[in-house]
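Listing of start_5.cif, mmCIF, C-alpha atoms
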```
data_start
#
loop_
_atom_site.label_atom_id
_atom_site.label_comp_id
_atom_site.auth_asym_id
_atom_site.auth_seq_id
_atom_site.Cartn_x
_atom_site.Cartn_y
_atom_site.Cartn_z
CA MET A 874 -14.26 -132.19 -8.79
CA PRO A 875 -12.02 -129.28 -8.00
CA ALA A 876 -13.16 -125.81 -8.86
CA ALA A 877 -11.84 -124.44 -12.13
CA ASP A 878 -8.96 -122.02 -12.04
CA THR A 879 -10.33 -118.76 -13.37
CA GLY A 880 -6.99 -117.02 -13.18
CA ALA A 881 -8.32 -114.54 -10.64
CA SER A 882 -5.94 -113.70 -7.81
CA THR A 883 -6.82 -114.66 -4.26
CA THR A 884 -6.09 -111.99 -1.65
CA VAL A 885 -5.70 -112.77 2.03
CA ASP A 886 -6.15 -109.92 4.45
CA ALA A 887 -2.86 -109.70 6.34
CA ASP A 888 -4.64 -108.21 9.34
CA ALA A 889 -7.08 -111.10 9.61
CA VAL A 890 -4.64 -113.55 11.16
CA THR A 891 -1.85 -112.63 13.53
CA VAL A 892 0.92 -115.19 13.57
CA PRO A 893 3.23 -114.74 16.57
CA ALA A 894 6.91 -114.45 15.72
CA PRO A 895 8.87 -117.55 16.71
CA ASP A 896 10.93 -117.21 19.89
CA SER A 897 14.54 -117.32 18.69
CA ARG A 898 16.04 -117.36 22.17
CA MET A 899 18.09 -120.37 23.22
CA THR A 900 16.59 -123.36 24.97
CA PRO A 901 18.11 -126.61 26.29
CA GLY A 902 18.94 -128.88 23.34
CA GLY A 903 18.64 -126.01 20.88
CA PRO A 904 21.36 -124.43 18.71
CA GLY A 905 24.11 -122.70 20.66
CA TYR A 906 22.79 -123.63 24.11
CA ARG A 907 25.58 -126.09 24.94
CA ARG A 908 28.31 -123.73 23.73
CA MET A 909 26.76 -120.90 25.74
CA SER A 910 26.43 -123.06 28.85
CA LEU A 911 30.04 -124.27 28.65
CA ALA A 912 31.36 -120.77 27.98
CA LEU A 913 29.61 -119.24 30.98
CA PHE A 914 30.47 -122.26 33.10
CA LEU A 915 34.17 -121.62 32.34
CA ALA A 916 33.71 -117.90 33.05
CA GLY A 917 32.26 -118.86 36.43
CA VAL A 918 35.20 -121.18 37.07
CA ALA A 919 37.72 -118.42 36.30
CA THR A 920 35.82 -115.81 38.34
CA PHE A 921 35.64 -117.77 41.58
CA ALA A 922 39.08 -119.37 41.20
CA LEU A 923 40.66 -115.91 40.90
CA LEU A 924 38.42 -114.12 43.37
CA TYR A 925 39.07 -116.57 46.20
CA SER A 926 42.57 -117.72 45.22
CA THR A 927 44.06 -116.66 48.58
CA GLN A 928 41.24 -117.85 50.83
CA ALA A 929 42.53 -121.39 51.44
CA LEU A 930 46.07 -120.00 51.83
CA LEU A 931 45.41 -117.46 54.58
CA PRO A 932 47.36 -119.34 57.28
CA LEU A 933 50.41 -119.34 54.97
CA VAL A 934 49.92 -115.66 54.09
CA SER A 935 49.69 -114.85 57.81
CA ARG A 936 52.90 -116.74 58.48
CA ASP A 937 54.79 -115.23 55.53
CA PHE A 938 53.96 -111.63 56.36
CA GLY A 939 53.69 -112.09 60.14
CA VAL A 940 50.11 -110.83 60.41
CA THR A 941 46.89 -111.94 62.13
CA ALA A 942 44.02 -113.82 60.55
CA SER A 943 41.89 -110.66 60.37
CA ALA A 944 44.68 -108.77 58.56
CA ALA A 945 45.28 -111.60 56.08
CA SER A 946 41.54 -111.87 55.44
CA TRP A 947 41.72 -108.50 53.63
CA THR A 948 43.32 -110.30 50.68
CA VAL A 949 39.85 -111.82 50.23
CA SER A 950 37.74 -108.91 51.49
CA GLY A 951 39.66 -106.42 49.33
CA ALA A 952 38.84 -108.37 46.17
CA THR A 953 35.19 -108.99 46.98
CA GLY A 954 34.70 -105.45 48.29
CA ALA A 955 36.12 -103.94 45.08
CA LEU A 956 33.87 -106.20 43.03
CA ALA A 957 30.86 -105.02 45.02
CA LEU A 958 31.86 -101.39 44.45
CA PHE A 959 32.45 -101.67 40.70
CA VAL A 960 29.73 -104.10 39.62
CA LEU A 961 27.13 -101.36 39.05
CA PRO A 962 29.35 -99.13 36.86
CA MET A 963 30.46 -102.22 34.94
CA SER A 964 26.83 -103.19 34.34
CA ALA A 965 26.22 -99.73 32.85
CA LEU A 966 29.14 -100.28 30.47
CA SER A 967 27.66 -103.63 29.47
CA GLU A 968 24.38 -101.87 28.58
CA ARG A 969 26.28 -99.64 26.18
CA PHE A 970 29.02 -101.88 24.75
CA GLY A 971 27.47 -105.33 25.07
CA ARG A 972 27.57 -108.22 27.52
CA ARG A 973 30.08 -110.37 25.65
CA THR A 974 32.47 -107.47 25.03
CA LEU A 975 32.55 -106.44 28.68
CA MET A 976 32.88 -110.00 29.99
CA THR A 977 35.82 -110.60 27.65
CA ALA A 978 37.57 -107.37 28.70
CA SER A 979 36.96 -108.06 32.39
CA LEU A 980 38.44 -111.53 32.21
CA ALA A 981 41.44 -110.28 30.24
CA VAL A 982 42.33 -107.69 32.91
CA ALA A 983 41.64 -110.07 35.80
CA VAL A 984 43.85 -112.87 34.47
CA THR A 985 46.65 -110.40 33.72
CA VAL A 986 46.59 -109.14 37.30
CA GLY A 987 46.38 -112.76 38.47
CA LEU A 988 49.79 -113.39 36.93
CA LEU A 989 51.22 -110.43 38.90
CA VAL A 990 49.77 -111.38 42.30
CA PRO A 991 52.50 -113.97 43.14
CA PHE A 992 55.16 -111.23 43.00
CA ALA A 993 53.55 -108.94 45.62
CA PRO A 994 56.38 -107.84 47.96
CA SER A 995 54.16 -106.97 50.96
CA LEU A 996 50.72 -107.57 52.38
CA GLY A 997 49.66 -104.05 51.38
CA SER A 998 50.66 -104.51 47.75
CA LEU A 999 48.99 -107.92 47.71
CA ILE A 1000 45.73 -106.40 48.94
CA VAL A 1001 45.94 -103.64 46.29
CA LEU A 1002 46.48 -106.15 43.48
CA ARG A 1003 43.63 -108.27 44.75
CA ALA A 1004 41.37 -105.20 44.86
CA VAL A 1005 42.22 -104.39 41.23
CA GLN A 1006 41.48 -107.99 40.33
CA GLY A 1007 38.11 -107.83 42.07
CA ALA A 1008 37.22 -104.57 40.30
CA ALA A 1009 38.02 -106.18 36.94
CA LEU A 1010 35.96 -109.28 37.73
CA ALA A 1011 32.97 -107.03 38.46
CA GLY A 1012 32.17 -107.10 34.75
CA LEU A 1013 31.34 -110.81 34.84
CA PRO A 1014 28.45 -111.53 37.23
CA ALA A 1015 25.90 -108.87 36.24
CA SER A 1016 26.75 -109.12 32.53
CA ALA A 1017 26.43 -112.90 32.56
CA THR A 1018 22.99 -112.96 34.16
CA ALA A 1019 21.80 -110.14 31.89
CA TYR A 1020 23.12 -112.04 28.85
CA LEU A 1021 21.20 -115.14 29.95
CA ALA A 1022 18.00 -113.18 30.60
CA GLU A 1023 18.18 -111.78 27.05
CA GLU A 1024 19.35 -114.87 25.14
CA VAL A 1025 17.60 -117.77 26.96
CA ARG A 1026 13.88 -118.50 27.06
CA PRO A 1027 12.26 -117.67 30.41
CA LYS A 1028 11.37 -121.28 31.29
CA ALA A 1029 15.03 -122.27 31.01
CA LEU A 1030 16.42 -119.22 32.82
CA VAL A 1031 16.71 -120.67 36.34
CA THR A 1032 18.49 -123.75 34.98
CA ALA A 1033 20.86 -121.64 32.84
CA ILE A 1034 21.77 -119.34 35.73
CA GLY A 1035 22.14 -122.41 37.94
CA LEU A 1036 24.78 -123.75 35.53
CA PHE A 1037 26.67 -120.45 35.73
CA VAL A 1038 26.52 -120.58 39.52
CA ALA A 1039 27.66 -124.20 39.30
CA GLY A 1040 30.72 -122.94 37.42
CA ASN A 1041 31.34 -120.59 40.33
CA SER A 1042 31.29 -123.54 42.72
CA VAL A 1043 33.67 -125.58 40.55
CA GLY A 1044 36.03 -122.61 40.28
CA GLY A 1045 35.97 -122.05 44.00
CA MET A 1046 36.55 -125.74 44.68
CA SER A 1047 39.29 -126.39 42.11
CA GLY A 1048 41.12 -123.17 42.92
CA ARG A 1049 41.27 -124.00 46.60
CA ILE A 1050 42.24 -127.65 46.08
CA ILE A 1051 44.98 -126.79 43.60
CA THR A 1052 46.36 -123.98 45.75
CA GLY A 1053 46.31 -126.22 48.83
CA TRP A 1054 48.44 -128.97 47.33
CA VAL A 1055 50.73 -126.69 45.33
CA ALA A 1056 51.30 -124.44 48.35
CA GLN A 1057 52.20 -127.44 50.51
CA GLU A 1058 55.12 -128.18 48.16
CA TRP A 1059 56.15 -124.80 46.75
CA GLY A 1060 54.45 -122.07 48.81
CA TRP A 1061 51.46 -119.81 48.38
CA ARG A 1062 53.03 -117.65 45.65
CA VAL A 1063 53.43 -120.55 43.23
CA ALA A 1064 49.93 -121.67 44.16
CA VAL A 1065 48.20 -118.41 43.21
CA GLY A 1066 50.33 -118.23 40.05
CA THR A 1067 49.03 -121.66 39.05
CA VAL A 1068 45.46 -120.46 39.46
CA GLY A 1069 46.29 -117.49 37.26
CA VAL A 1070 47.49 -119.75 34.45
CA ILE A 1071 44.37 -121.91 34.67
CA ALA A 1072 42.21 -118.78 34.53
CA VAL A 1073 43.97 -117.69 31.33
CA ALA A 1074 42.96 -120.96 29.68
CA CYS A 1075 39.36 -120.55 30.86
CA ALA A 1076 39.23 -116.96 29.54
CA VAL A 1077 40.45 -117.98 26.07
CA ALA A 1078 37.96 -120.86 25.86
CA PHE A 1079 35.14 -118.59 27.05
CA ARG A 1080 35.75 -116.08 24.24
CA LEU A 1081 35.92 -118.80 21.59
CA LEU A 1082 32.75 -120.58 22.74
CA LEU A 1083 30.26 -117.86 23.73
CA PRO A 1084 27.73 -117.21 20.92
CA ALA A 1085 27.34 -113.63 19.76
CA PRO A 1086 24.29 -111.97 21.35
CA ARG A 1087 21.20 -111.78 19.14
CA HIS A 1088 18.79 -109.92 21.42
CA PHE A 1089 20.98 -107.21 22.95
CA THR A 1090 19.92 -103.59 22.49
CA ALA A 1091 22.45 -100.92 23.43
CA GLY A 1092 21.35 -98.61 26.23
CA SER A 1093 22.40 -95.21 27.44
CA LEU A 1094 25.45 -94.31 29.50
CA ARG A 1095 23.89 -91.08 30.74
CA PRO A 1096 24.18 -90.90 34.55
CA ARG A 1097 20.63 -89.62 34.88
CA VAL A 1098 19.23 -92.64 33.05
CA LEU A 1099 21.35 -95.02 35.14
CA ALA A 1100 20.32 -93.30 38.38
CA ARG A 1101 16.63 -93.55 37.46
CA THR A 1102 16.96 -97.25 36.65
CA VAL A 1103 18.75 -97.95 39.93
CA ARG A 1104 16.18 -95.92 41.86
CA ASP A 1105 13.33 -97.88 40.27
CA HIS A 1106 14.94 -101.19 41.19
CA LEU A 1107 15.58 -100.12 44.76
CA ALA A 1108 11.96 -98.97 45.03
CA ASN A 1109 10.79 -102.51 44.26
CA PRO A 1110 10.15 -104.29 47.60
CA LEU A 1111 10.70 -107.76 46.12
CA LEU A 1112 14.05 -106.82 44.62
CA ARG A 1113 15.14 -105.25 47.92
CA ARG A 1114 14.33 -108.48 49.73
CA LEU A 1115 16.22 -110.56 47.17
CA TYR A 1116 19.27 -108.30 47.48
CA ALA A 1117 19.24 -108.67 51.26
CA ILE A 1118 18.84 -112.45 51.02
CA GLY A 1119 21.83 -112.74 48.67
CA ALA A 1120 23.97 -110.61 50.99
CA LEU A 1121 23.04 -112.63 54.07
CA PHE A 1122 23.65 -116.02 52.45
CA MET A 1123 27.05 -114.84 51.27
CA THR A 1124 27.89 -113.45 54.73
CA VAL A 1125 27.60 -116.99 56.07
CA PHE A 1126 29.55 -118.56 53.23
CA GLY A 1127 32.33 -115.95 53.22
CA GLY A 1128 32.81 -116.18 56.97
CA VAL A 1129 32.89 -119.97 57.10
CA TYR A 1130 35.33 -120.52 54.26
CA THR A 1131 37.64 -117.69 55.27
CA VAL A 1132 38.12 -119.12 58.75
CA ILE A 1133 37.85 -122.87 58.20
CA GLY A 1134 41.51 -123.17 57.21
CA TYR A 1135 42.62 -121.69 60.54
CA ARG A 1136 40.33 -124.01 62.46
CA LEU A 1137 41.53 -127.15 60.70
CA THR A 1138 45.21 -126.32 61.25
CA GLU A 1139 44.61 -126.07 65.00
CA ALA A 1140 43.90 -128.81 67.56
CA PRO A 1141 42.18 -131.24 67.58
CA PHE A 1142 42.60 -131.53 63.80
CA GLY A 1143 46.10 -130.25 62.90
CA LEU A 1144 45.67 -130.91 59.16
CA PRO A 1145 48.40 -130.06 56.59
CA GLN A 1146 47.72 -127.44 53.89
CA GLY A 1147 47.14 -129.97 51.10
CA ILE A 1148 44.45 -131.81 53.06
CA ILE A 1149 42.80 -128.52 54.00
CA GLY A 1150 42.66 -127.59 50.31
CA SER A 1151 41.02 -130.92 49.53
CA ILE A 1152 38.26 -130.11 52.03
CA PHE A 1153 36.90 -127.82 49.33
CA LEU A 1154 35.79 -130.87 47.35
CA VAL A 1155 32.51 -130.26 49.16
CA TYR A 1156 31.96 -127.50 46.58
CA LEU A 1157 30.80 -130.31 44.27
CA VAL A 1158 27.68 -130.41 46.41
CA GLY A 1159 27.16 -126.74 45.58
CA THR A 1160 27.51 -127.53 41.88
CA VAL A 1161 24.65 -130.04 42.16
CA SER A 1162 22.40 -127.91 44.36
CA ALA A 1163 22.81 -124.82 42.15
CA SER A 1164 22.16 -126.69 38.90
CA THR A 1165 18.99 -128.29 40.32
CA ALA A 1166 17.60 -125.06 41.77
CA GLY A 1167 15.08 -124.77 38.94
CA ARG A 1168 13.46 -128.09 39.84
CA LEU A 1169 13.49 -127.14 43.51
CA VAL A 1170 11.57 -123.94 42.78
CA GLY A 1171 9.16 -125.90 40.60
CA ARG A 1172 8.30 -128.20 43.50
CA LEU A 1173 8.39 -125.86 46.49
CA GLY A 1174 8.04 -122.38 45.01
CA ARG A 1175 10.65 -119.67 45.45
CA ARG A 1176 9.97 -119.00 49.12
CA GLY A 1177 9.77 -122.70 49.95
CA ALA A 1178 13.14 -123.23 48.27
CA LEU A 1179 14.63 -120.37 50.30
CA TYR A 1180 13.30 -121.83 53.57
CA LEU A 1181 14.84 -125.18 52.69
CA ALA A 1182 18.17 -123.54 51.79
CA GLY A 1183 18.22 -121.60 55.05
CA GLY A 1184 17.37 -124.65 57.14
CA THR A 1185 20.04 -126.72 55.43
CA THR A 1186 22.65 -124.03 56.02
CA THR A 1187 21.74 -123.70 59.70
CA ALA A 1188 21.95 -127.45 60.24
CA GLY A 1189 25.41 -127.44 58.68
CA LEU A 1190 26.59 -124.60 60.90
CA LEU A 1191 25.50 -126.40 64.06
CA LEU A 1192 27.08 -129.69 62.99
CA SER A 1193 30.38 -127.92 62.27
CA LEU A 1194 30.76 -127.21 66.01
CA ALA A 1195 31.55 -130.87 66.66
CA PRO A 1196 35.16 -131.86 67.46
CA SER A 1197 34.89 -134.77 65.00
CA LEU A 1198 36.33 -134.21 61.49
CA PRO A 1199 33.69 -136.35 59.68
CA VAL A 1200 30.89 -134.39 61.39
CA VAL A 1201 32.57 -131.08 60.51
CA LEU A 1202 32.80 -132.21 56.90
CA LEU A 1203 29.10 -133.12 56.90
CA GLY A 1204 28.39 -129.64 58.27
CA LEU A 1205 30.40 -128.06 55.43
CA VAL A 1206 28.48 -130.16 52.90
CA LEU A 1207 25.14 -128.86 54.24
CA ILE A 1208 26.37 -125.25 54.44
CA THR A 1209 27.59 -125.42 50.85
CA ALA A 1210 24.42 -127.07 49.51
CA GLY A 1211 22.18 -124.58 51.28
CA PHE A 1212 24.19 -121.56 50.21
CA PHE A 1213 24.41 -122.40 46.50
CA ALA A 1214 20.74 -123.37 46.30
CA GLY A 1215 19.70 -120.12 48.00
CA HIS A 1216 22.00 -118.04 45.80
CA ALA A 1217 20.74 -119.64 42.56
CA VAL A 1218 17.11 -119.15 43.58
CA ALA A 1219 17.55 -115.51 44.62
CA SER A 1220 19.70 -114.46 41.64
CA SER A 1221 17.36 -116.05 39.08
CA ALA A 1222 14.37 -114.38 40.81
CA VAL A 1223 16.07 -111.00 40.32
CA SER A 1224 16.45 -111.61 36.57
CA HIS A 1225 12.83 -112.77 36.36
CA THR A 1226 11.46 -109.82 38.36
CA ALA A 1227 13.29 -107.02 36.52
CA LYS A 1228 11.57 -106.29 33.21
CA GLU A 1229 13.84 -103.37 32.28
CA GLY A 1230 17.44 -102.57 33.16
CA ARG A 1231 18.21 -106.22 33.89
CA ALA A 1232 21.96 -105.59 33.99
CA GLN A 1233 21.48 -102.97 36.71
CA ALA A 1234 19.08 -105.22 38.63
CA SER A 1235 21.59 -108.05 38.51
CA ALA A 1236 24.42 -105.66 39.35
CA LEU A 1237 22.65 -104.49 42.49
CA TYR A 1238 22.17 -108.11 43.51
CA GLN A 1239 25.83 -108.90 42.84
CA SER A 1240 26.88 -105.79 44.74
CA ALA A 1241 24.85 -106.85 47.77
CA TYR A 1242 26.10 -110.42 47.39
CA TYR A 1243 29.77 -109.45 47.40
CA ILE A 1244 29.30 -106.90 50.15
CA GLY A 1245 28.03 -109.89 52.09
CA SER A 1246 31.14 -111.85 51.11
CA SER A 1247 33.47 -109.05 52.16
CA THR A 1248 31.57 -108.48 55.40
CA GLY A 1249 31.42 -112.18 56.16
CA SER A 1250 35.15 -112.67 55.53
CA THR A 1251 36.06 -109.84 57.89
CA LEU A 1252 33.45 -110.48 60.59
CA GLY A 1253 34.07 -114.22 60.46
CA ALA A 1254 37.77 -113.67 61.11
CA VAL A 1255 37.08 -111.15 63.88
CA ALA A 1256 34.55 -113.50 65.51
CA PHE A 1257 37.03 -116.37 65.28
CA HIS A 1258 39.75 -114.25 66.90
CA ALA A 1259 37.36 -113.25 69.70
CA ALA A 1260 35.46 -116.47 70.40
CA GLY A 1261 36.89 -119.23 68.23
CA TRP A 1262 34.87 -121.25 65.75
CA ALA A 1263 31.74 -120.91 67.88
CA GLY A 1264 31.89 -117.14 67.27
CA THR A 1265 31.99 -117.64 63.49
CA VAL A 1266 29.08 -120.09 63.68
CA GLY A 1267 27.07 -117.66 65.81
CA MET A 1268 27.55 -114.95 63.19
CA GLY A 1269 26.38 -117.36 60.49
CA VAL A 1270 23.26 -118.42 62.37
CA LEU A 1271 22.24 -114.78 62.84
CA ALA A 1272 22.65 -114.17 59.10
CA VAL A 1273 20.47 -117.19 58.23
CA LEU A 1274 17.87 -116.00 60.71
CA GLY A 1275 17.80 -112.76 58.74
CA VAL A 1276 17.07 -114.74 55.55
CA VAL A 1277 14.17 -116.53 57.22
CA VAL A 1278 12.67 -113.29 58.61
CA ILE A 1279 12.89 -111.56 55.21
CA THR A 1280 11.31 -114.55 53.45
CA LEU A 1281 8.50 -114.68 56.02
CA PHE A 1282 7.88 -110.99 55.47
CA GLY A 1283 7.75 -111.63 51.71
CA SER A 1284 5.20 -114.41 52.20
CA ARG A 1285 3.03 -112.11 54.30
CA ALA A 1286 3.31 -109.31 51.73
CA ALA A 1287 2.27 -111.72 48.97
CA ARG A 1288 -0.81 -112.83 50.92
CA VAL A 1289 -1.84 -109.21 51.57
CA ALA A 1290 -1.40 -108.34 47.89
CA ALA A 1291 -3.48 -111.37 46.86
CA ARG A 1292 -6.36 -110.31 49.15
CA ARG A 1293 -6.32 -106.81 47.65
CA GLU A 1294 -6.66 -108.02 44.06
CA PRO A 1295 -10.19 -107.43 42.73
CA VAL A 1296 -12.31 -110.51 42.11
CA PRO A 1297 -13.21 -110.73 38.38
CA ALA A 1298 -16.92 -110.36 37.62
CA HIS A 1299 -18.78 -113.38 36.26
#
```
Show this structure as structure tokens.
Amino acid sequence: MPAADTGASTTVDADAVTVPAPDSRMTPGGPGYRRMSLALFLAGVATFALLYSTQALLPLVSRDFGVTASAASWTVSGATGALALFVLPMSALSERFGRRTLMTASLAVAVTVGLLVPFAPSLGSLIVLRAVQGAALAGLPASATAYLAEEVRPKALVTAIGLFVAGNSVGGMSGRIITGWVAQEWGWRVAVGTVGVIAVACAVAFRLLLPAPRHFTAGSLRPRVLARTVRDHLANPLLRRLYAIGALFMTVFGGVYTVIGYRLTEAPFGLPQGIIGSIFLVYLVGTVSASTAGRLVGRLGRRGALYLAGGTTTAGLLLSLAPSLPVVLLGLVLITAGFFAGHAVASSAVSHTAKEGRAQASALYQSAYYIGSSTGSTLGAVAFHAAGWAGTVGMGVLAVLGVVVITLFGSRAARVAARREPVPAH
């Protein structure tokens, strides 16, 4: 028989039970996750399509302006170098004004400049416009990864960043394929203009789809605060290693894809521009490898995944030396798979490692990454001019060796740190 109700109130001590607040961050299958993923995927498409819009067209740019491969390569290096220079200041602005606001403004400026690029009257003006475009695009990479780190649950972070990187690969692929075929019929100016129009559509869809941030807290724009945050990140040995790994992977990738068009137009291949553009379909492999990076880390660990990415990239470089087109294509597939896997693993590790100032941590990674791209584009072209494709491959192998050495050093540092940890008393 139930106890009689006496009318007395029952009081529960609020301090007796602590109920954890539910985690309202997004997770796969949850509200807003698909919209967020599609929005950032499209932002990645626009970023890489614009950033590398001239890369597949360099032989045509060289011919139009009467310049060498190394001179024409500055239309790529200028954009990536400006991005590397401006990504840190842009990340500071995102801390103050918000990730979504800065990404929207960055895309708006970049697509506007993209519509002006086809009218550049000289190589110098083309390089300047491309540099402005790269500086504008600097607001995307660090802000996007910081947005994901704040709005997505930690267990889903690698997968979410992998999808953004996959958007980069699709943008790089589609931009190069479209420019290749359009340029074959109407010239490189119409080709880059077409990419600009596509990027406008991506930018509009991005702004309409991306959910408003729910976990962003505005930070300070004071230079002293920014300098202290940057100094703390650079003092972290793990972050320094991840920055170097990103730069070295991108040195390989930038060098290979800047020069490959020149190689494939020469003997023994002699391919037309449209076919060369279609070679970039191998970027689809990068889309897959980047989006599955989370599972790769789950099976092999971060360092194991980096070893696998480096080995895959090296195998691709060596295969690309063959005079057979199918073997060269297989080499490009392996280079692309290794690069995008390594990039997704390293960039997600940065977001996971940095507990404060995530935008600056990501910005430093992106800065190193695009310095690697700019360096690789220039050195790859110089090596090709000096020693042919073998020179570009040699540069790439040295860069991958650097990745392996840094990862080995990280493994050794982790073992030393584990031995120093005190054993808990029983």
Item to check | Target residues per the PyMOL selection byres ((chain A and resi 1127-1138) around 9), formatted as a PyMOL selection string | outcome: chain A and resi 928-932+942+946+949+1122-1126+1139-1146+1149-1150+1153+1190+1198+1205+1208+1245-1254+1257+1261-1262+1265-1266+1268-1269
Checklist outcome for this item: The distance between CA of Gln1006 (chain A) and CA of Thr1052 (chain A) is 17.6 Å
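For Gly1211 (chain A), the set of protein, DNA and RNA residues having any atom at most 9 Å away, when counting all atoms listed in the file and skipping those fewer than 4 positions along the same chain, is Phe1122, Gly1159, Ser1162, Leu1179, Leu1181, Ala1182, Gly1183, Gly1184, Thr1185, Thr1186, Thr1187, Gly1189, Val1206, Leu1207, Gly1215 and His1216 of chain A.
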Checklist entry - Residues at most 8 Å from Ile1244 (chain A), counting all atoms listed in the file, excluding those fewer than 5 positions away in the same chain, as a list in words? => result Thr953, Gly954, Ala957 and Ala1120 of chain A
Item to check | Nearest-residue call for Gly997 (chain A), choices A:Trp1054, A:Phe959, A:Phe938, A:Tyr1242, using all atoms listed in the file | outcome: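 Closest to Gly997 (chain A), using all atoms listed in the file: A:Phe938.
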Item to check | Gap from CA of Leu1157 (chain A) to CA of Ser1042 (chain A) - Å, one decimal | outcome: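 Interatomic distance here is 7.0 Å.
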Give as a PDB file with C-alpha atoms, in the coordinates of the input the residues that the PyMOL selection byres ((chain A and resi 903-913) around 9) matches when applied to the coordinates above.
```
ATOM      1  CA  MET A 899      18.090-120.370  23.220  1.00  0.00           C
ATOM      2  CA  THR A 900      16.590-123.360  24.970  1.00  0.00           C
ATOM      3  CA  PRO A 901      18.110-126.610  26.290  1.00  0.00           C
ATOM      4  CA  GLY A 902      18.940-128.880  23.340  1.00  0.00           C
ATOM      5  CA  PHE A 914      30.470-122.260  33.100  1.00  0.00           C
ATOM      6  CA  LEU A 915      34.170-121.620  32.340  1.00  0.00           C
ATOM      7  CA  ALA A 916      33.710-117.900  33.050  1.00  0.00           C
ATOM      8  CA  GLY A 917      32.260-118.860  36.430  1.00  0.00           C
ATOM      9  CA  VAL A 918      35.200-121.180  37.070  1.00  0.00           C
ATOM     10  CA  ALA A1017      26.430-112.900  32.560  1.00  0.00           C
ATOM     11  CA  VAL A1025      17.600-117.770  26.960  1.00  0.00           C
ATOM     12  CA  ALA A1033      20.860-121.640  32.840  1.00  0.00           C
ATOM     13  CA  LEU A1036      24.780-123.750  35.530  1.00  0.00           C
ATOM     14  CA  PHE A1037      26.670-120.450  35.730  1.00  0.00           C
ATOM     15  CA  GLY A1040      30.720-122.940  37.420  1.00  0.00           C
ATOM     16  CA  CYS A1075      39.360-120.550  30.860  1.00  0.00           C
ATOM     17  CA  ALA A1076      39.230-116.960  29.540  1.00  0.00           C
ATOM     18  CA  ALA A1078      37.960-120.860  25.860  1.00  0.00           C
ATOM     19  CA  PHE A1079      35.140-118.590  27.050  1.00  0.00           C
ATOM     20  CA  ARG A1080      35.750-116.080  24.240  1.00  0.00           C
ATOM     21  CA  LEU A1081      35.920-118.800  21.590  1.00  0.00           C
ATOM     22  CA  LEU A1082      32.750-120.580  22.740  1.00  0.00           C
ATOM     23  CA  LEU A1083      30.260-117.860  23.730  1.00  0.00           C
ATOM     24  CA  PRO A1084      27.730-117.210  20.920  1.00  0.00           C
TER      25      PRO A1084
END
```
Checklist outcome for this item: Restricting to all atoms listed in the file, whichever of A:Ser943, A:Ser950, A:Gln1239, A:Thr920 is closest to Val982 (chain A) is A:Thr920
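Relative to CA of Pro962 (chain A), CA of Leu975 (chain A) is found at 11.4 Å.
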Checklist entry - Which of these residues is nearest to Ser1235 (chain A), using all atoms listed in the file: A:Gly971, A:Gly1119, A:Gly1007, A:Gly987? => result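 Between A:Gly971, A:Gly1119, A:Gly1007, A:Gly987, the residue approaching Ser1235 (chain A) most closely is A:Gly1119.
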Checklist outcome for this item: Using all atoms listed in the file, the best pick from A:Ala1259, A:Leu1191, A:Val1223, A:Leu966 as closest to Leu1203 (chain A) would be A:Leu1191
Next on the checklist: I'd like to know which of A:Trp1061, A:Ala1188, A:Val1289, A:Leu958 is closest to Val1200 (chain A), using all atoms listed in the file.
Outcome noted: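 Selected residue with least distance to Val1200 (chain A): A:Ala1188.
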Tell me, as a PDB file with C-alpha atoms, keeping the file's coordinate frame, which residues lie within 10 Å of Ser926 (chain A), counting all atoms listed in the file; anything in the same chain fewer than 5 positions away does not count.
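Here's the written file result-v9.pdb:
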```
ATOM      1  CA  THR A 920      35.820-115.810  38.340  1.00  0.00           C
ATOM      2  CA  PHE A 921      35.640-117.770  41.580  1.00  0.00           C
ATOM      3  CA  LEU A 931      45.410-117.460  54.580  1.00  0.00           C
ATOM      4  CA  THR A 948      43.320-110.300  50.680  1.00  0.00           C
ATOM      5  CA  VAL A 949      39.850-111.820  50.230  1.00  0.00           C
ATOM      6  CA  GLY A 987      46.380-112.760  38.470  1.00  0.00           C
ATOM      7  CA  ARG A1003      43.630-108.270  44.750  1.00  0.00           C
ATOM      8  CA  GLY A1044      36.030-122.610  40.280  1.00  0.00           C
ATOM      9  CA  GLY A1045      35.970-122.050  44.000  1.00  0.00           C
ATOM     10  CA  SER A1047      39.290-126.390  42.110  1.00  0.00           C
ATOM     11  CA  GLY A1048      41.120-123.170  42.920  1.00  0.00           C
ATOM     12  CA  ARG A1049      41.270-124.000  46.600  1.00  0.00           C
ATOM     13  CA  ILE A1050      42.240-127.650  46.080  1.00  0.00           C
ATOM     14  CA  ILE A1051      44.980-126.790  43.600  1.00  0.00           C
ATOM     15  CA  THR A1052      46.360-123.980  45.750  1.00  0.00           C
ATOM     16  CA  GLY A1053      46.310-126.220  48.830  1.00  0.00           C
ATOM     17  CA  TRP A1061      51.460-119.810  48.380  1.00  0.00           C
ATOM     18  CA  ALA A1064      49.930-121.670  44.160  1.00  0.00           C
ATOM     19  CA  VAL A1065      48.200-118.410  43.210  1.00  0.00           C
ATOM     20  CA  GLY A1066      50.330-118.230  40.050  1.00  0.00           C
ATOM     21  CA  THR A1067      49.030-121.660  39.050  1.00  0.00           C
ATOM     22  CA  VAL A1068      45.460-120.460  39.460  1.00  0.00           C
ATOM     23  CA  GLY A1069      46.290-117.490  37.260  1.00  0.00           C
TER      24      GLY A1069
END
```
Item to check | Selection: 8 Å around Ser1224 (chain A), only C-alpha atoms, excl. self and same-chain fewer than 5 positions, as a list in words | outcome: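 Within the cut-off, the hits are Thr1018, Ala1019, Ala1022, Arg1231, Ala1234 and Ser1235 of chain A.
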